[in-house]
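**Student:** Structure below; questions to follow.
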Amino acid sequence: QILLEQSGGGFVQAGDSLRLSCVASRGTLYGYATGWFRQAPGKEREFVAAMGWNESSIAYGDSVKGRFTIARDSAKNTLYLQMTSLQLEDAARYYCAARRWADAQRMMVGGLNGNYWGPGTQVTVSS
């Protein structure tokens, strides 16, 4: 079973950039679609971005399109989320996820069950 560990959260000001990382500390990302979700207090977990298992498909949530970029370094077994032009509404706990043999669309609409999850990392955005 894959084990995901995260890093890179923190406090930023609106307009700043931040990069989140997620490494598979047990297992390999090969064969997994990988993605990012976020959850703000009192809200449901929301899809942010995903990349298909063979890296041929990418999907973004509407609220982050054009500002966030998902990337993967297979040699380092690491997934990234580059966030730019951060807004107050982006403040949340961000979770990386992996789903076996899925494409990006499946991660976006396939529900939360079936994903392996990282522990989450907090992103706080101030004005």
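Just remember, in the structure tokens the first chain shown is A, the second B, etc., residues are 1-based per chain, and ligands are 1-based in the order shown.
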For Asp16 (chain A), work out the shell of residues within 9 Å, counting only C-alpha atoms and skipping chain neighbours fewer than 2 positions away, then give it as a list in words.
**Tutor:**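 Listing them by chain and then by number gives Val12, Gln13, Ala14, Leu18, Met83, Thr84, Ser85, Leu86, Gln87 and Val125 of chain A.
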**Student:** What parts of chain A does DSSP call strand (DSSP E or B)? I'd like the answer as a ChimeraX atom specification.
**Tutor:** /A:3-7,10-13,18-26,32-39,46-51,58-60,68-73,78-83,92-100,116-117,121-126
**Student:** Calculate how many Å separate CA of Val23 (chain A) from CA of Leu88 (chain A), rounding to one decimal.
**Tutor:** 26.6 Å
**Student:** Find the spatial neighbours of Gln39 (chain A), counting only C-alpha atoms, within a cut-off of 7 Å - ignore same-chain residues fewer than 5 positions away - and output them as a PyMOL selection string.
**Tutor:** chain A and resi 44-46+92-94
**Student:** Would you please work out which residue, of A:Gln82, A:Val48, A:Ala91, A:Ile70, is nearest to Ser126 (chain A) when using only C-alpha atoms?
**Tutor:**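 Nearest candidate to Ser126 (chain A) out of A:Gln82, A:Val48, A:Ala91, A:Ile70: A:Ala91.
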**Student:** Calculated over only C-alpha atoms, which of the candidates A:Ile2, A:Val123, A:Ala102, A:Cys22 has the smallest distance to Trp36 (chain A)?
**Tutor:**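 Among A:Ile2, A:Val123, A:Ala102, A:Cys22, it is A:Cys22 that comes nearest to Trp36 (chain A).
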**Student:** Here is a test: counting only C-alpha atoms, which residue of A:Arg99, A:Ala59, A:Ser127, A:Lys76 is nearest to Ala24 (chain A)?
**Tutor:**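 Smallest separation from Ala24 (chain A) among the options: A:Lys76.
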**Student:** Counting only C-alpha atoms, which residue out of A:Lys65, A:Arg72, A:Arg38, A:Lys43 sits closest to Ser21 (chain A)?
**Tutor:**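 Under the stated criterion, the closest residue is A:Arg72.
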**Student:** Provide the CA of Tyr95 (chain A) to CA of Tyr32 (chain A) distance in Å, to one decimal place.
**Tutor:**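 A separation of 15.5 Å between them.
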**Student:** So the first atom is CA of Ala71 (chain A) and the second is CA of Gly42 (chain A); what is the distance between them in Å, to one decimal place?
**Tutor:**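 Separation between CA of Ala71 (chain A) and CA of Gly42 (chain A): 28.7 Å.
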**Student:** Identify, on the basis of only C-alpha atoms, every residue whose closest approach to Cys96 (chain A) does not exceed 10 Å; exclude the query and any residue fewer than 2 positions from it along the same chain; express the result as a count of residues only.
**Tutor:** 27
